[in-house]
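Visitor: Enclosed is the structure file input-v1.pdb (PDB, C-alpha atoms).
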ATOM      1  CA  MET A   1      22.283  39.454  -6.661
ATOM      2  CA  LYS A   2      25.475  38.991  -8.662
ATOM      3  CA  VAL A   3      26.024  35.806 -10.677
ATOM      4  CA  ILE A   4      28.416  34.408 -13.257
ATOM      5  CA  TRP A   5      27.135  34.381 -16.814
ATOM      6  CA  ASP A   6      29.184  33.851 -19.931
ATOM      7  CA  ASN A   7      32.487  34.345 -18.115
ATOM      8  CA  LYS A   8      31.371  37.644 -16.519
ATOM      9  CA  ILE A   9      29.945  38.716 -13.169
ATOM     10  CA  VAL A  10      26.607  40.427 -13.790
ATOM     11  CA  ASP A  11      23.318  41.213 -12.069
ATOM     12  CA  ARG A  12      21.052  38.183 -12.149
ATOM     13  CA  GLU A  13      18.413  40.173 -14.022
ATOM     14  CA  GLU A  14      20.795  40.500 -16.984
ATOM     15  CA  VAL A  15      21.050  36.741 -17.545
ATOM     16  CA  LYS A  16      19.393  35.361 -20.667
ATOM     17  CA  ILE A  17      19.633  31.647 -21.473
ATOM     18  CA  ASP A  18      18.992  30.906 -25.135
ATOM     19  CA  PHE A  19      16.165  28.526 -26.067
ATOM     20  CA  GLU A  20      18.702  26.449 -28.055
ATOM     21  CA  ASP A  21      21.098  26.015 -25.125
ATOM     22  CA  ARG A  22      21.911  22.305 -24.927
ATOM     23  CA  GLY A  23      21.664  22.363 -21.158
ATOM     24  CA  TYR A  24      18.007  23.311 -21.545
ATOM     25  CA  GLN A  25      17.376  21.024 -24.519
ATOM     26  CA  PHE A  26      19.247  17.899 -23.406
ATOM     27  CA  GLY A  27      20.675  18.388 -19.924
ATOM     28  CA  ASP A  28      24.006  18.413 -21.771
ATOM     29  CA  GLY A  29      26.292  19.894 -19.155
ATOM     30  CA  ILE A  30      28.264  19.498 -15.949
ATOM     31  CA  TYR A  31      28.323  21.207 -12.560
ATOM     32  CA  GLU A  32      29.995  21.466  -9.181
ATOM     33  CA  VAL A  33      28.851  22.564  -5.737
ATOM     34  CA  ILE A  34      31.611  24.015  -3.555
ATOM     35  CA  ARG A  35      31.165  24.690   0.156
ATOM     36  CA  ILE A  36      32.023  28.074   1.661
ATOM     37  CA  TYR A  37      33.180  28.574   5.259
ATOM     38  CA  ASN A  38      34.449  31.904   6.628
ATOM     39  CA  HIS A  39      34.266  33.515   3.170
ATOM     40  CA  MET A  40      36.583  30.800   1.782
ATOM     41  CA  TYR A  41      36.115  27.816  -0.509
ATOM     42  CA  PHE A  42      36.676  24.367   0.992
ATOM     43  CA  CYS A  43      38.556  21.795  -1.150
ATOM     44  CA  LEU A  44      38.523  24.226  -4.075
ATOM     45  CA  ASP A  45      41.243  22.552  -6.150
ATOM     46  CA  ASP A  46      39.612  19.125  -5.798
ATOM     47  CA  HIS A  47      36.273  20.452  -7.040
ATOM     48  CA  ILE A  48      37.820  22.256  -9.997
ATOM     49  CA  ASP A  49      39.785  19.139 -10.917
ATOM     50  CA  ARG A  50      36.571  17.079 -10.876
ATOM     51  CA  PHE A  51      34.805  19.742 -12.947
ATOM     52  CA  PHE A  52      37.439  19.403 -15.667
ATOM     53  CA  SER A  53      37.378  15.607 -15.355
ATOM     54  CA  SER A  54      33.606  15.572 -15.956
ATOM     55  CA  ALA A  55      34.059  17.842 -18.973
ATOM     56  CA  LYS A  56      36.671  15.527 -20.450
ATOM     57  CA  LYS A  57      34.431  12.481 -20.022
ATOM     58  CA  ILE A  58      31.724  14.067 -22.188
ATOM     59  CA  GLU A  59      34.210  15.620 -24.642
ATOM     60  CA  MET A  60      33.285  19.153 -23.636
ATOM     61  CA  ASN A  61      35.890  21.788 -24.412
ATOM     62  CA  VAL A  62      36.350  24.097 -21.409
ATOM     63  CA  LEU A  63      37.628  27.377 -22.827
ATOM     64  CA  GLN A  64      38.813  28.744 -19.479
ATOM     65  CA  SER A  65      41.828  27.451 -17.576
ATOM     66  CA  LYS A  66      41.481  26.147 -14.034
ATOM     67  CA  ASN A  67      43.087  29.307 -12.689
ATOM     68  CA  GLU A  68      40.745  31.537 -14.700
ATOM     69  CA  ILE A  69      37.708  29.763 -13.260
ATOM     70  CA  LYS A  70      39.129  29.981  -9.737
ATOM     71  CA  MET A  71      39.767  33.711 -10.151
ATOM     72  CA  LEU A  72      36.223  34.231 -11.440
ATOM     73  CA  ILE A  73      34.481  32.363  -8.635
ATOM     74  CA  THR A  74      36.754  33.996  -6.043
ATOM     75  CA  ALA A  75      35.681  37.395  -7.362
ATOM     76  CA  LEU A  76      32.034  36.309  -7.151
ATOM     77  CA  LEU A  77      32.520  35.180  -3.545
ATOM     78  CA  LYS A  78      34.046  38.527  -2.639
ATOM     79  CA  GLU A  79      31.158  40.311  -4.364
ATOM     80  CA  SER A  80      28.564  38.216  -2.529
ATOM     81  CA  GLY A  81      29.893  38.832   0.985
ATOM     82  CA  ILE A  82      28.514  35.438   2.014
ATOM     83  CA  LYS A  83      30.279  33.802   4.954
ATOM     84  CA  THR A  84      28.765  30.294   4.964
ATOM     85  CA  GLY A  85      27.100  28.925   1.871
ATOM     86  CA  ASN A  86      27.379  27.068  -1.410
ATOM     87  CA  LEU A  87      28.678  27.958  -4.841
ATOM     88  CA  TYR A  88      26.849  26.311  -7.741
ATOM     89  CA  ILE A  89      28.844  26.433 -10.977
ATOM     90  CA  GLN A  90      27.581  24.956 -14.236
ATOM     91  CA  MET A  91      28.761  24.609 -17.801
ATOM     92  CA  THR A  92      26.557  23.561 -20.717
ATOM     93  CA  ARG A  93      27.794  22.694 -24.164
ATOM     94  CA  GLY A  94      26.263  25.945 -25.431
ATOM     95  CA  ASN A  95      23.756  27.079 -28.059
ATOM     96  CA  ALA A  96      23.427  24.834 -31.102
ATOM     97  CA  SER A  97      20.754  24.962 -33.788
ATOM     98  CA  PRO A  98      19.066  23.018 -35.200
ATOM     99  CA  ARG A  99      18.432  20.714 -32.238
ATOM    100  CA  ASP A 100      20.406  17.506 -32.783
ATOM    101  CA  HIS A 101      21.369  14.641 -30.494
ATOM    102  CA  THR A 102      24.945  14.526 -31.793
ATOM    103  CA  TYR A 103      27.596  16.792 -30.319
ATOM    104  CA  PRO A 104      27.823  20.090 -32.234
ATOM    105  CA  SER A 105      31.026  21.306 -33.838
ATOM    106  CA  GLN A 106      33.868  22.525 -31.636
ATOM    107  CA  ASP A 107      33.181  26.156 -32.567
ATOM    108  CA  VAL A 108      30.021  26.109 -30.391
ATOM    109  CA  LYS A 109      30.955  28.014 -27.231
ATOM    110  CA  PRO A 110      30.165  26.372 -23.873
ATOM    111  CA  LEU A 111      28.212  28.545 -21.421
ATOM    112  CA  LEU A 112      29.536  29.003 -17.876
ATOM    113  CA  THR A 113      27.150  30.142 -15.137
ATOM    114  CA  GLY A 114      27.402  30.277 -11.367
ATOM    115  CA  SER A 115      25.735  31.594  -8.232
ATOM    116  CA  ILE A 116      26.290  31.663  -4.476
ATOM    117  CA  THR A 117      23.638  31.178  -1.799
ATOM    118  CA  THR A 118      23.760  31.318   1.990
ATOM    119  CA  ALA A 119      23.495  27.908   3.681
ATOM    120  CA  GLU A 120      24.348  27.432   7.336
ATOM    121  CA  ARG A 121      25.655  24.136   8.723
ATOM    122  CA  ASN A 122      22.792  21.924   9.943
ATOM    123  CA  LEU A 123      24.125  21.402  13.454
ATOM    124  CA  GLU A 124      20.973  19.651  14.675
ATOM    125  CA  GLN A 125      21.002  16.976  11.965
ATOM    126  CA  LEU A 126      24.750  16.493  12.346
ATOM    127  CA  GLN A 127      23.996  15.418  15.927
ATOM    128  CA  THR A 128      20.680  13.584  15.549
ATOM    129  CA  GLY A 129      21.112  12.106  12.074
ATOM    130  CA  ILE A 130      18.743  11.652   9.140
ATOM    131  CA  LYS A 131      16.101   9.156   8.078
ATOM    132  CA  THR A 132      16.658   7.129   4.912
ATOM    133  CA  ILE A 133      14.945   4.537   2.749
ATOM    134  CA  ILE A 134      16.395   1.800   0.546
ATOM    135  CA  THR A 135      15.354   1.863  -3.095
ATOM    136  CA  GLU A 136      16.544   0.546  -6.449
ATOM    137  CA  ASP A 137      19.186   2.576  -8.286
ATOM    138  CA  ILE A 138      17.368   3.440 -11.528
ATOM    139  CA  ARG A 139      20.015   5.811 -12.907
ATOM    140  CA  TRP A 140      22.207   5.331 -15.971
ATOM    141  CA  LEU A 141      25.654   3.707 -15.886
ATOM    142  CA  LYS A 142      27.926   6.780 -15.927
ATOM    143  CA  CYS A 143      27.261   8.129 -12.441
ATOM    144  CA  ASP A 144      30.908   9.199 -12.104
ATOM    145  CA  ILE A 145      30.148  12.249 -14.285
ATOM    146  CA  LYS A 146      28.767  15.194 -12.297
ATOM    147  CA  MET A 147      26.160  16.057 -14.917
ATOM    148  CA  ILE A 148      23.223  18.432 -14.819
ATOM    149  CA  SER A 149      20.775  15.809 -16.183
ATOM    150  CA  LEU A 150      19.686  14.591 -12.745
ATOM    151  CA  LEU A 151      16.151  13.341 -13.386
ATOM    152  CA  GLY A 152      16.891   9.879 -11.984
ATOM    153  CA  ASN A 153      18.365  11.378  -8.807
ATOM    154  CA  ILE A 154      15.392  13.710  -8.472
ATOM    155  CA  MET A 155      12.900  10.850  -8.786
ATOM    156  CA  LEU A 156      14.735   8.876  -6.117
ATOM    157  CA  LYS A 157      14.996  11.869  -3.785
ATOM    158  CA  HIS A 158      11.264  12.477  -4.208
ATOM    159  CA  GLU A 159      10.577   8.833  -3.347
ATOM    160  CA  ALA A 160      12.410   9.401  -0.064
ATOM    161  CA  HIS A 161      10.394  12.576   0.493
ATOM    162  CA  LYS A 162       7.133  10.634   0.025
ATOM    163  CA  HIS A 163       8.242   8.381   2.901
ATOM    164  CA  ASN A 164       9.109  11.395   5.115
ATOM    165  CA  ALA A 165      12.785  10.534   4.730
ATOM    166  CA  ASP A 166      15.763  12.790   4.014
ATOM    167  CA  GLU A 167      17.693  10.555   1.637
ATOM    168  CA  ALA A 168      17.381   7.423  -0.511
ATOM    169  CA  ILE A 169      20.071   4.745  -0.241
ATOM    170  CA  LEU A 170      20.383   3.098  -3.636
ATOM    171  CA  HIS A 171      21.136  -0.470  -4.672
ATOM    172  CA  ARG A 172      21.697  -2.427  -7.883
ATOM    173  CA  ASN A 173      20.643  -6.064  -7.426
ATOM    174  CA  GLN A 174      20.920  -5.595  -3.636
ATOM    175  CA  THR A 175      24.448  -4.135  -3.861
ATOM    176  CA  VAL A 176      24.506  -0.698  -2.224
ATOM    177  CA  THR A 177      25.946   2.027  -4.479
ATOM    178  CA  GLU A 178      25.356   5.517  -3.063
ATOM    179  CA  CYS A 179      22.463   7.863  -2.243
ATOM    180  CA  SER A 180      20.339  10.117  -4.417
ATOM    181  CA  SER A 181      22.544  13.128  -3.596
ATOM    182  CA  SER A 182      25.395  11.820  -1.442
ATOM    183  CA  ASN A 183      27.800   8.951  -0.891
ATOM    184  CA  VAL A 184      27.043   6.357   1.788
ATOM    185  CA  ALA A 185      29.203   4.169   4.021
ATOM    186  CA  ILE A 186      28.701   1.714   6.859
ATOM    187  CA  VAL A 187      30.687   0.957  10.005
ATOM    188  CA  LYS A 188      31.027  -2.657  11.161
ATOM    189  CA  ASP A 189      33.329  -4.026  13.858
ATOM    190  CA  GLY A 190      35.502  -0.914  13.903
ATOM    191  CA  ALA A 191      35.984  -0.643  10.131
ATOM    192  CA  ILE A 192      34.355   1.462   7.406
ATOM    193  CA  TYR A 193      32.984  -0.025   4.193
ATOM    194  CA  THR A 194      32.076   2.008   1.118
ATOM    195  CA  HIS A 195      31.411   1.232  -2.530
ATOM    196  CA  PRO A 196      34.583   1.620  -4.634
ATOM    197  CA  ASP A 197      34.826   4.533  -7.040
ATOM    198  CA  GLY A 198      33.925   3.755 -10.630
ATOM    199  CA  ASN A 199      31.115   4.392 -13.063
ATOM    200  CA  LEU A 200      28.349   3.460 -10.587
ATOM    201  CA  ILE A 201      28.967   6.267  -8.098
ATOM    202  CA  LEU A 202      30.172   9.846  -8.020
ATOM    203  CA  PRO A 203      33.752  10.154  -6.699
ATOM    204  CA  GLY A 204      32.875  12.354  -3.736
ATOM    205  CA  ILE A 205      35.213  15.109  -2.603
ATOM    206  CA  THR A 206      33.917  14.790   0.962
ATOM    207  CA  LYS A 207      34.511  11.044   0.700
ATOM    208  CA  VAL A 208      38.173  11.744  -0.067
ATOM    209  CA  VAL A 209      38.402  13.990   3.012
ATOM    210  CA  TRP A 210      36.841  11.495   5.415
ATOM    211  CA  ARG A 211      39.010   8.675   4.014
ATOM    212  CA  ASN A 212      42.057  10.804   4.848
ATOM    213  CA  CYS A 213      40.581  11.425   8.300
ATOM    214  CA  ALA A 214      40.107   7.699   8.819
ATOM    215  CA  LYS A 215      43.743   7.110   7.882
ATOM    216  CA  LYS A 216      44.879   9.700  10.441
ATOM    217  CA  LEU A 217      42.661   8.037  13.057
ATOM    218  CA  ASN A 218      43.905   4.518  12.183
ATOM    219  CA  ILE A 219      40.402   3.417  11.209
ATOM    220  CA  PRO A 220      40.425   0.729   8.483
ATOM    221  CA  VAL A 221      38.545   1.632   5.291
ATOM    222  CA  TYR A 222      37.518  -1.050   2.809
ATOM    223  CA  GLU A 223      36.382   0.166  -0.580
ATOM    224  CA  GLN A 224      34.374  -2.860  -1.583
ATOM    225  CA  ALA A 225      30.798  -3.652  -2.502
ATOM    226  CA  TYR A 226      28.403  -4.552   0.296
ATOM    227  CA  SER A 227      24.770  -5.630   0.284
ATOM    228  CA  THR A 228      21.544  -4.157   1.604
ATOM    229  CA  ALA A 229      21.624  -6.967   4.199
ATOM    230  CA  ASP A 230      25.070  -5.759   5.316
ATOM    231  CA  LEU A 231      23.675  -2.236   5.502
ATOM    232  CA  LEU A 232      20.925  -3.282   7.900
ATOM    233  CA  LYS A 233      23.425  -5.175  10.094
ATOM    234  CA  ALA A 234      25.823  -2.217  10.358
ATOM    235  CA  ASP A 235      26.883  -0.676  13.654
ATOM    236  CA  GLU A 236      26.657   2.810  12.121
ATOM    237  CA  VAL A 237      25.630   4.294   8.770
ATOM    238  CA  PHE A 238      26.563   7.698   7.425
ATOM    239  CA  CYS A 239      26.143   9.775   4.282
ATOM    240  CA  SER A 240      28.630  12.341   3.025
ATOM    241  CA  SER A 241      28.580  15.232   0.589
ATOM    242  CA  THR A 242      29.746  18.819   0.188
ATOM    243  CA  THR A 243      26.563  20.268   1.680
ATOM    244  CA  ILE A 244      25.812  17.773   4.485
ATOM    245  CA  GLU A 245      29.429  16.999   5.491
ATOM    246  CA  ILE A 246      29.546  13.676   7.421
ATOM    247  CA  MET A 247      25.917  12.965   8.273
ATOM    248  CA  PRO A 248      24.893  10.108  10.590
ATOM    249  CA  VAL A 249      21.866   8.004   9.629
ATOM    250  CA  ASN A 250      19.389   7.293  12.402
ATOM    251  CA  GLN A 251      16.953   5.184  10.381
ATOM    252  CA  VAL A 252      17.035   2.943   7.300
ATOM    253  CA  ASP A 253      13.535   1.936   6.222
ATOM    254  CA  ASN A 254      11.947   0.803   9.509
ATOM    255  CA  GLN A 255      15.211   0.036  11.299
ATOM    256  CA  SER A 256      16.601   2.568  13.753
ATOM    257  CA  PHE A 257      20.283   3.222  14.468
ATOM    258  CA  THR A 258      21.785   4.859  17.545
ATOM    259  CA  VAL A 259      23.952   7.750  16.388
ATOM    260  CA  LEU A 260      27.114   9.303  17.831
ATOM    261  CA  LYS A 261      27.362   7.031  20.853
ATOM    262  CA  SER A 262      30.465   7.225  23.049
ATOM    263  CA  ASN A 263      32.606   4.945  20.831
ATOM    264  CA  SER A 264      31.158   6.293  17.564
ATOM    265  CA  ILE A 265      33.488   6.199  14.576
ATOM    266  CA  VAL A 266      31.207   8.634  12.766
ATOM    267  CA  LYS A 267      31.618  11.122  15.611
ATOM    268  CA  ARG A 268      35.408  10.813  15.369
ATOM    269  CA  LEU A 269      35.229  11.404  11.617
ATOM    270  CA  GLN A 270      33.061  14.490  12.176
ATOM    271  CA  GLU A 271      35.576  15.940  14.617
ATOM    272  CA  CYS A 272      38.469  15.305  12.234
ATOM    273  CA  TYR A 273      36.496  16.725   9.303
ATOM    274  CA  LYS A 274      35.857  19.907  11.281
ATOM    275  CA  ILE A 275      39.615  20.218  11.891
ATOM    276  CA  GLU A 276      40.161  19.950   8.131
ATOM    277  CA  ILE A 277      37.704  22.821   7.588
ATOM    278  CA  VAL A 278      39.432  24.962  10.203
ATOM    279  CA  GLN A 279      42.852  24.306   8.680
ATOM    280  CA  GLN A 280      41.664  25.426   5.238
ATOM    281  CA  CYS A 281      39.132  28.107   6.100
ATOM    282  CA  GLY A 282      39.686  29.217   9.679
ATOM    283  CA  LYS A 283      37.736  28.827  12.912
ATOM    284  CA  LEU A 284      34.061  27.907  12.621
ATOM    285  CA  THR A 285      31.532  29.904  14.591
ATOM    286  CA  ASN A 286      28.979  27.064  14.593
TER     287      ASN A 286
END
Reformat the file's structure so that it appears as structure tokens.
Guide:
Amino acid sequence: MKVIWDNKIVDREEVKIDFEDRGYQFGDGIYEVIRIYNHMYFCLDDHIDRFFSSAKKIEMNVLQSKNEIKMLITALLKESGIKTGNLYIQMTRGNASPRDHTYPSQDVKPLLTGSITTAERNLEQLQTGIKTIITEDIRWLKCDIKMISLLGNIMLKHEAHKHNADEAILHRNQTVTECSSSNVAIVKDGAIYTHPDGNLILPGITKVVWRNCAKKLNIPVYEQAYSTADLLKADEVFCSSTTIEIMPVNQVDNQSFTVLKSNSIVKRLQECYKIEIVQQCGKLTN
């Protein structure tokens, strides 16, 4: 298996991560996950822009240009031969000794790594939906940074798993924010409501795509806070992310939701989203 390591494409067995790497020591790093359809990246520029935005927010100096990173991951994709899957790309602040909480000097070289894995579209779940639970958002207050220190997200995802659910819908003082690994939105009376971008949620790339779809479909979108009570009164609920696309929710805690009925807004968004994929990456086989 070929991977990216230190700005090169190498065999995975060659990779050696230093004990003093700040990603290992502190979770001091950023990442992106980019979807692959038909051997092509979907929303590539948007993901790379967010990658650089995250780096800027933590004062990390990215040595490569955007074009250099795009050329590198394109070469990796060609090497992999994978048709449908996910690219995971990560940058840590690099090796710094002795271990110190403060940022090291600018001469410490950040470490870029990346890998590609096969991941087919989950056509069954896209039709039947997923089960969710509501739980308190215990994460820190800079959720807009796509950082590798994801312990809070992991704990919340595991809480969902313990309840035989697929995702955890998070709230702060009963105001819904997002999910443990995706954005969330509700549909009520023909309109979509989703938490506004800011420091409490990740600015989702898929969220941008479905907002554009909603505009094309003349579906009103209100980016405003809503409560857990509003969530449970919704006509439809859906999650969105790079890997799950636009995913209907069929259950929140003990309350069931009918998904993709004849007048479903979520179904219309799914169809439009698929058109966006085809326009960028070509015809889908599933």
Visitor: If we count all atoms listed in the file and set the cut-off at 12 Å, which residues sit around Trp5 (chain A), ignoring sequence neighbours fewer than 3 positions away in its own chain? Please answer as an NGL selection string.
Guide: :A and (2 or 8-17 or 72-73 or 76 or 89-92 or 110-115)
Visitor: So what does the PyMOL selection byres ((chain A and resi 196-207) around 6) actually pick up in this one, as a PDB file with C-alpha atoms, in the frame of the given file?
Guide:
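What landed in part.pdb:
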ATOM      1  CA  LEU A 141      25.654   3.707 -15.886  1.00  0.00           C
ATOM      2  CA  LYS A 142      27.926   6.780 -15.927  1.00  0.00           C
ATOM      3  CA  CYS A 143      27.261   8.129 -12.441  1.00  0.00           C
ATOM      4  CA  ASP A 144      30.908   9.199 -12.104  1.00  0.00           C
ATOM      5  CA  HIS A 195      31.411   1.232  -2.530  1.00  0.00           C
ATOM      6  CA  VAL A 208      38.173  11.744  -0.067  1.00  0.00           C
ATOM      7  CA  VAL A 209      38.402  13.990   3.012  1.00  0.00           C
ATOM      8  CA  TRP A 210      36.841  11.495   5.415  1.00  0.00           C
ATOM      9  CA  GLU A 223      36.382   0.166  -0.580  1.00  0.00           C
ATOM     10  CA  GLN A 224      34.374  -2.860  -1.583  1.00  0.00           C
ATOM     11  CA  SER A 241      28.580  15.232   0.589  1.00  0.00           C
ATOM     12  CA  THR A 242      29.746  18.819   0.188  1.00  0.00           C
TER      13      THR A 242
END
Visitor: Contacts of Ala165 (chain A) at 10 Å or less, counting all atoms listed in the file, minus same-chain residues fewer than 2 places along, as a list in words?
Guide: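 Final neighbour list, sorted by chain and number: Ile130, Lys131, Thr132, Ile133, Lys157, His158, Glu159, Ala160, His161, Lys162, His163, Glu167, Ala168, Gln251, Val252 and Asp253 of chain A.
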Visitor: When you draw a straight line from CA of Thr228 (chain A) to CA of Met247 (chain A), how long is it in Å?
Guide: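 Rounded to one decimal, the two atoms are 18.9 Å apart.
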Visitor: Decode the PyMOL selection byres ((chain A and resi 190) around 8) for the given file into explicit residues and return them as a PyMOL selection string.
Guide: chain A and resi 187-189+191-192+219-220+265
Visitor: Neighbouring residues of Ala119 (chain A) were defined as those with any atom within 8 Å, considering only C-alpha atoms; residues of the same chain fewer than 2 positions away were excluded. Please report them as a compact mmCIF listing (two decimals) with C-alpha atoms, in the coordinates of the input.
Guide:
# COMPACT_ATOMS: atom_id res chain seq x y z
CA THR A 84 28.76 30.29 4.96
CA GLY A 85 27.10 28.92 1.87
CA ASN A 86 27.38 27.07 -1.41
CA THR A 117 23.64 31.18 -1.80
CA ARG A 121 25.66 24.14 8.72
Visitor: Taking (30.6, -3.9, -3.2) in the file's coordinates as the center, which residues reach within 10 Å of it, counting all atoms listed in the file, put as a PyMOL selection string?
Guide: chain A and resi 174-177+193-196+222-227
Visitor: My list of candidates is A:Glu271, A:Asp28, A:Glu79, A:Asp6. Which is closest to Ala96 (chain A) when distances are computed with all atoms listed in the file?
Guide: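 Closest to Ala96 (chain A), using all atoms listed in the file: A:Asp28.
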Visitor: How many Å separate CA of Asn95 (chain A) from CA of Glu68 (chain A)?
Guide: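 Separation of CA of Asn95 (chain A) and CA of Glu68 (chain A): 22.1 Å.
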Visitor: Starting from the displayed file, determine the output of the PyMOL selection byres ((chain A and resi 34) around 6) and express the residue list as a PyMOL selection string.
Guide: chain A and resi 33+35+86-87
Visitor: Tell me, in Å to one decimal, how far CA of Glu59 (chain A) is from CA of Arg139 (chain A).
Guide: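 Interatomic distance, CA of Glu59 (chain A) to CA of Arg139 (chain A): 20.9 Å.
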Visitor: Find the residues near region 37-53 of chain A: any atom within 7 Å, counting all atoms listed in the file, skip ones fewer than 5 places away on the same chain, and give them as a compact mmCIF listing (two decimals) with C-alpha atoms, in the coordinates of the input.
Guide:
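What follows is the written file around.txt:
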# COMPACT_ATOMS: atom_id res chain seq x y z
CA TYR A 31 28.32 21.21 -12.56
CA GLU A 32 30.00 21.47 -9.18
CA LYS A 66 41.48 26.15 -14.03
CA ILE A 82 28.51 35.44 2.01
CA LYS A 83 30.28 33.80 4.95
CA THR A 84 28.76 30.29 4.96
CA GLY A 85 27.10 28.92 1.87
CA ILE A 205 35.21 15.11 -2.60
CA ILE A 277 37.70 22.82 7.59
CA GLN A 280 41.66 25.43 5.24
CA CYS A 281 39.13 28.11 6.10
CA GLY A 282 39.69 29.22 9.68
Visitor: Using all atoms of region 33-45 of chain A listed in the file and a margin of 4 Å per side, can you give the axis-aligned box centre and edge lengths in Å to one decimal, as JSON?
Guide:
{"center_x": 35.0, "center_y": 27.7, "center_z": 0.2, "size_x": 20.4, "size_y": 19.7, "size_z": 20.8}
Visitor: Which one of A:Val3, A:Ile138, A:Leu150, A:Val259 sits closest to Leu77 (chain A) if you count all atoms listed in the file?
Guide: A:Val3
Visitor: Check the smallest atom-to-atom distance from each of A:Lys57, A:Asn7, A:Ile36, A:Ser180 to Met71 (chain A) using all atoms listed in the file, then report the winner.
Guide: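 Of the candidates, the smallest distance to Met71 (chain A) is held by A:Asn7.
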Visitor: From the list A:Ile58, A:Val266, A:Leu260, A:Ile169, which residue is nearest Ser182 (chain A) when using only C-alpha atoms?
Guide: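 Under the stated criterion, the closest residue is A:Ile169.
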Visitor: May I ask which of the residues A:Arg22, A:Lys233, A:Arg211, A:Lys283 is the closest one to Gln270 (chain A), counting all atoms listed in the file?
Guide: A:Arg211
